[in-house]
Amino acid sequence: ALPALAHAGEYVPDPKYLPPNLAPWSQDLGKPVGSDPYGLPSPFERSNIRRSSPGLTTTTQSSVAFSPLQNQFGIITPNGLHFERNHNGRADINPYDHRLMVHGLVREAKIYTMEDLLRFPSVSRIHFIECGANTGMNWATPAVPTVQYTHGMLSCSEWTGVPLSTLLDDVGFDRKRAKFILAEGADGSGLTRTIPIEFALDDVLVAYGQNGEMLRREQGYPVRLLVPGVQGVSNVKWLRRIKVGDQPWNTREESLQYSDLMPDGRTRQYTWIQEAKSVITSPSGEQQLLDKGGYYQIRGLAWSGRGRIKRVDISTDGGRNWRQAELQGPVLTKALTRFCADWHWDGSPALLQSRCVDETGYVQPAMAQLREVRGTHSPYHNNGIQTWQVDTEGKVHNVQV
Amino acid sequence: ALPALAHAGEYVPDPKYLPPNLAPWSQDLGKPVGSDPYGLPSPFERSNIRRSSPGLTTTTQSSVAFSPLQNQFGIITPNGLHFERNHNGRADINPYDHRLMVHGLVREAKIYTMEDLLRFPSVSRIHFIECGANTGMNWATPAVPTVQYTHGMLSCSEWTGVPLSTLLDDVGFDRKRAKFILAEGADGSGLTRTIPIEFALDDVLVAYGQNGEMLRREQGYPVRLLVPGVQGVSNVKWLRRIKVGDQPWNTREESLQYSDLMPDGRTRQYTWIQEAKSVITSPSGEQQLLDKGGYYQIRGLAWSGRGRIKRVDISTDGGRNWRQAELQGPVLTKALTRFCADWHWDGSPALLQSRCVDETGYVQPAMAQLREVRGTHSPYHNNGIQTWQVDTEGKVHNVQV
Amino acid sequence: ASASNYGLGTAATPQQIAGWNIDVRPDGQGLPRGQGSVAQGEKIFDANCAVCHGTFGDSNKYMVLAGGVGSLKTNAPLSTVGSRLNYATTLFDYVNRAMPFPHSKSLTADEVYAVTAYVLNLSDIVPGNFVANRETLPQVKMPNRDGFYEFPGLMHVHGKSDTHNTTCMRDCAKEVKITGSIPEGFVASMYGDIRDNFRGLASMNEAAPPADET
Amino acid sequence: ASASNYGLGTAATPQQIAGWNIDVRPDGQGLPRGQGSVAQGEKIFDANCAVCHGTFGDSNKYMVLAGGVGSLKTNAPLSTVGSRLNYATTLFDYVNRAMPFPHSKSLTADEVYAVTAYVLNLSDIVPGNFVANRETLPQVKMPNRDGFYEFPGLMHVHGKSDTHNTTCMRDCAKEVKITGSIPEGFVASMYGDIRDNFRGLASMNEAAPPADET
Ligand SMILES: [Ca+2]
Ligand SMILES: [Ca+2]
Ligand SMILES: [Ca+2]
Ligand SMILES: [Ca+2]
Ligand SMILES: [Ca+2]
Ligand SMILES: [Ca+2]
Ligand SMILES: [Co+2]
Ligand SMILES: [Co+2]
C-alpha cells in the first residue's frame, strides 16, 4: 500500500526539478507504449476514491460507497468512481450464463442471452443516477463532513442499451392490459421494483454500456435497468427478469423502504421522481481556503428527474442575495449539469449556497421548506439547498441555516 | 494471467445456472461494498484492451496502442482505453513538481503550478482526439484486419481545463504582435508544435481533466493542450511551456513528420484540420456473422474537425446505393457522433460503407478521390470511406473498392 | 426476419418461467402452494434468522422486525414489518427472495410461510395458532394497511411538487443564522485526517502537499 | 484581486526562462552560443547515435537520417533529414530536445552544433570543413528548402477542402470491384487468433464463447 499523500506545508519542491533545471522525466525514457493495455490513474491520484461512511451501515454487503464529488470535474463520472450501493454485496456474474426473462401479460414470453441483447437496436444517453437516500444524513442536521458523503450517491454516465419498449414489442406485450412492469435482479437480494408502463415505454433502457465499455460489476454487469430521473433503486442491477402486469407489486423496496414517512404518520408510496437539486462541489466541506482576496471559482452540479436544468443561482451570504451562475453546455435532460460562478474570497466568513430551477419552473427548496412539508423522518428525497460555511480561517464546513 | 476467453462453439452453458435454476450469484452473498475503492472492469471484459500493431514500430517508446473501437459503445471512450501515442515513452510526472511556463511576446512571463491551474475558471467540453496518422496503414491497400487497427487512433472524452485564452490574458500577451504560440511537452521527446493564435483564442484548452478525473498518464498527466479538431500531435501532452511568438516554428513534428508529401514531391505543411470522417464499427473487420436472415444493426462513429456532423449515409453494396443513418444525440462540435442503421443480412455477400457530411457541407471522400489528389505517400489525413466486406460465409474483411 | 422481428431470444417454457416467477402481489397473486404455522416458524426463525434479527425480531444490529406499532406519527417513529408494512404478502415475497441474508432463496415455500407467520406474530398481528397459506396470508390486515397513499406530484415528470420555492434574488431574508453544524472534533475522530479525501492539488492549500515517490 | 487578476502564478525570472527556452526558429532565433565542426560531430555521432542510426545515418532500424535527396517526386520517395527537411535549424532544435533517444537534452550546445554539422554532411549538404554556429547554421540551404507550401483548406475550419465528394444516393457507380484486401493467412500469422480481440458477447457468433472462471 502506498503512503498517504502528504499535506499542505509538508512539501518543499526540489529546485533541481524546477525551471531552469530539468525533472528526470524530461530526459529519461518513459514507460513503453502499451505498458497498461487497460490503463489506470496515476498513483498521485490515489486519494480520489469511493469511500464508505464510517458507522453508516452495519454490514458491508448492504451499504454504500460514495463518489468523491469534491474531486470531480465536468459531468461524466469516471467508471471506477461511480457510487456503489448494493443490498447483498456485488454479484460477479458470468455474462455467458446470464439470462433476461421477459414475460407476463405478453404474447410470447422470451429469454434473452447477452448476445441477443447486444444485437438489438441500441441507443446511448447521458443520464445521472441518484439514490433516493442521497443527502439523507442531512435531513435533521449536518452529520457528515464532505460533499462526498452529503451528496455522493450521485453519478452520471453515458449509458448504452436496448430501449425497454423494443423488448416489450419483441414479446408482444398486451398494450391494453399492461399498466406496470416488475424489474428483478439476479443478485442475492433479488431486488424488485415496480415501473409504470408510461416510463417503460418512454425512456427506460435495458442497459449494458457505461461510458463506452460494458457496465462495471458495481453497476450491474452485464445488464441493468436504466430509469432516467427516477430513484436509484429502480435502476435494477444484474437484471434477470421483467414481468408485465396490471397492478403495482408493493415490493419491500417500495413499501418498507424507499417510501416517505410523513409527519402525520402516513407514508407516501411510489415517489419515483428525483426532483431538481444542486450542490456546490468546490469550495465544499473540509476544504481550506488560504488565499485571502484570492479567486475561488464556485463550481457545482445541478440535475433534475423532470428534465433539463434551466438555471442555477448562487449566494455567498446564506441566501439573502443571489446571482446567476453559468451553465456548462450541453445541458441535457435528466443528466448532470455543471455550473460555475466567479468569486473572490475577501477573507471574511461566507455562507455558500446554490439553488437550481428546472425546465418545469420548479425551484429547489430550502431545507426549512422541505421539513415543513416532509418532517424529518422521511428520509428520502432530500433535495434541499446545501450550505457551506467558510469560517474566519477559511475552513469550509457543512452547516444548515 | 487469466486464460483467453474461449471461442464460439466451445462453451455449453451449465443448465444448473439457467432458468428455472439459480446461478450461484443469485443466492450467495456478493463482494462487500467498497471492495474496490477505485473500480475495474469485470475480468470477463479482458479482451477489451488497447493493442499495438505487430511490427508497426521498432521501438515501444515511440509507438501507438490503439483503442478497441470494435467493442466501443456510444461516444465516450473509457479512460483506460483511450488510444496511447508517445514519442519517448510515457512520462510519469509528480504533479507537485510539474510547472507550466508561459512567456514570449507577453507583458509578464509566468510560471504556474498545478494548484494554480486548477484555481483558474474552468470549462468542460466533449471532444475527440484523432492522430493525424490514423488509418494511415490503409492509404495504399488494406494492411490491418480490425477497426481497432484501421481507425483506433481515435478517442473522445469530456475534457476539463482552463481556456488557453484565459492564461494568455493572465500574462498580458501582445495582441498586436502575437500570431502563433509554441506548445512544448515535459517528456523526453520535448515535443513541440505551432498553434495559430486564432485557434489559441478560440477553443484551445489547457486541460487537466478527462471524463471527470485527472488526465491519465497516457494522456499527459497532469496537464496537456487540447486543440479541438486538430491533428492529435498538436494536443501536446505533459505540457510544460507555452511561448507566444510572431512566426511559426517549423518544428520537427510539422516538417519531417506530420506534413503531407504530395504526388509532385512537394510537402503541405501545417495541415491542422482533421476533416470529416466516419467508420462502421460493427459489423467490422474480422467479425463473424452467422445468423443468415438475421438483424445486424449497422453502428459506427462520425466526427469532424470543422464542427458538427450533419448527416451519415450508409451503403451495403459498396457505394452504389445509399440510405441515411440515424444520429444519436447530442450531436456536438468536434466530437464523436454515434450513428446507427437497421440492416438484415440475407446471407449474401455485402460491402458495407459509411459516408458522413459535416456542418460545412463537406462530404467524406472515397479512397480513390483522396488518392487522386494526395497520392499514396501522404500518409496523414486519411479520412476516406472505409469498406467492410461481408463474404459468403459471413466473415467480415477490411477491403478497398 | 421483418423489421420488427429481430429473430432474437428464445421462447420461455412454462417450466423455465415457474422457476424464476417468484414475485407475490398484494392481492396474493404469485403465492405458491404450501403452508406454515407460527410454531413451525419459530423453529425456523431461531435456526436461520435470530442470529441477526434477535429471537423476538427486536435486535437492531441489522433491522428490527417487530414492534413500534402505532409509533409512526410520534416524534420517535419505529418503522418495522409490524408497524410499517401494509401487506403481509410483501413479507413473504421478501423473505423468499432475499433471506436469510447470507444464502437467500434457500427456504422451501412451507418454511417461508411458517417464518412469515412467526414474524407477523412477533408484532401480534396474527394469533399464535395462525397458519399462513395461499388463502389466509392475503387476508391478514396489517396495522398500517391504510397508512400508504400516492402523491401524484412525484409520480409524473410534470406532476405538481409539494414545495414552492421562488427565485428571490435580493434581500430574501432578514437574518441568516447557522442552526446546525458538526460538533468540534467529530470529523477527526470519525474520519481521521479528512484532508486525505481530497486531491492534494485542489484542497486549496497554497503549499501543495508532497507525494511519496512510488 | 480584480475580476481579471486572479493572483495565480508567479513571475518567471530570466534565468528560469533561459533554462527551458530551447526552441529554435527557422530564422535562427533561439540558437544558443556555441559551435561544432563536422569532424567533431563524427566523433559524437559515433559515440551517441550510430548505434541506432548507423555510422552513415543510413540504418532504417529506427529512422534513416541521410540520403534520398531528389527522390520525393518519384514512386519510391525516401524522406530523410537530407531529402525532406527545409531548415537546418530544425535539426538542431530536434536533436537538442529529443536525442539521443534514451537520454535526451544531454548534449552541450557545442556537441549539438557538431553532430548537426555531421548529419548535414552525411547528405552532402555541407562540406567536410563546415563549422555550425549561430551565424552559419541559419544560412545553410537545405535541398528541400522550397519544397514546402501551405494549403489553406486544412488550416482553417471553414477552409475549402481538396476533395469534393457528393451525396449521390442512387446508382452511384456502374460496377464495384474489390481492388484490395489482406492476403489469406496474413491475419493469423501476424495476430494469432484475432477473435481474442473482440468482446465474446458481440463477436456475433451465435454460440457465446465461454469464459474461464477467475
Ligand atoms: Ca409527528
Ligand atoms: Ca510521384
Ligand atoms: Ca436467433
Ligand atoms: Ca494543495
Ligand atoms: Ca497567489
Ligand atoms: Ca458471441
Ligand atoms: Co494524512
Ligand atoms: Co483464442
# chains A, B, ... in the order shown; residues from 1 in each chain; ligands from 1
>>> residues_around(residues="Asp264 in chain B", least_positions_apart="5", cutoff="12 Å", atoms="only C-alpha atoms", output="MDAnalysis selection string")
(chainID B and resid 372:378) or (chainID D and resid 70:75 77 147:148)
>>> residues_around(residues="Val233 in chain A", least_positions_apart="5", cutoff="8 Å", atoms="only C-alpha atoms", output="list of chain:residue names")
A:Cys131, A:Gly132, A:Arg193, A:Glu253
>>> write_last_selection(atoms="N, CA and C atoms", output="compact mmCIF listing (two decimals), in the first residue's frame")
# COMPACT_ATOMS: atom_id res chain seq x y z
N CYS A 131 -29.34 7.92 -5.82
CA CYS A 131 -30.05 7.10 -4.84
C CYS A 131 -31.09 7.97 -4.15
N GLY A 132 -32.27 7.41 -3.92
CA GLY A 132 -33.32 8.16 -3.22
C GLY A 132 -32.89 8.64 -1.85
N ARG A 193 -38.60 -3.87 -8.19
CA ARG A 193 -39.27 -2.57 -8.17
C ARG A 193 -40.34 -2.54 -9.25
N GLU A 253 -38.93 -2.96 -1.44
CA GLU A 253 -38.16 -1.76 -1.73
C GLU A 253 -39.05 -0.58 -2.16
>>> interface_residues(of="chain A", to="chain C", cutoff="6 Å", atoms="only C-alpha atoms", output="number ranges by chain")
A: 5-9, 11, 47, 109-112, 116, 141-142, 188-190, 249, 251, 256, 264-269, 271-273, 287-289, 306, 320-322, 363, 365, 399-401
>>> atom_distance(atom1="CA of Asp124 in chain C", atom2="CA of Pro379 in chain A")
27.1 Å
>>> select_by_dssp(residues="range 100-242 of chain A", states="strand (DSSP E or B)", output="VMD selection string")
chain A and resid 100 to 104 106 110 to 112 123 to 130 154 to 163 173 180 to 185 192 to 196 205 to 210 213 to 214 224 to 226 230 239 to 242
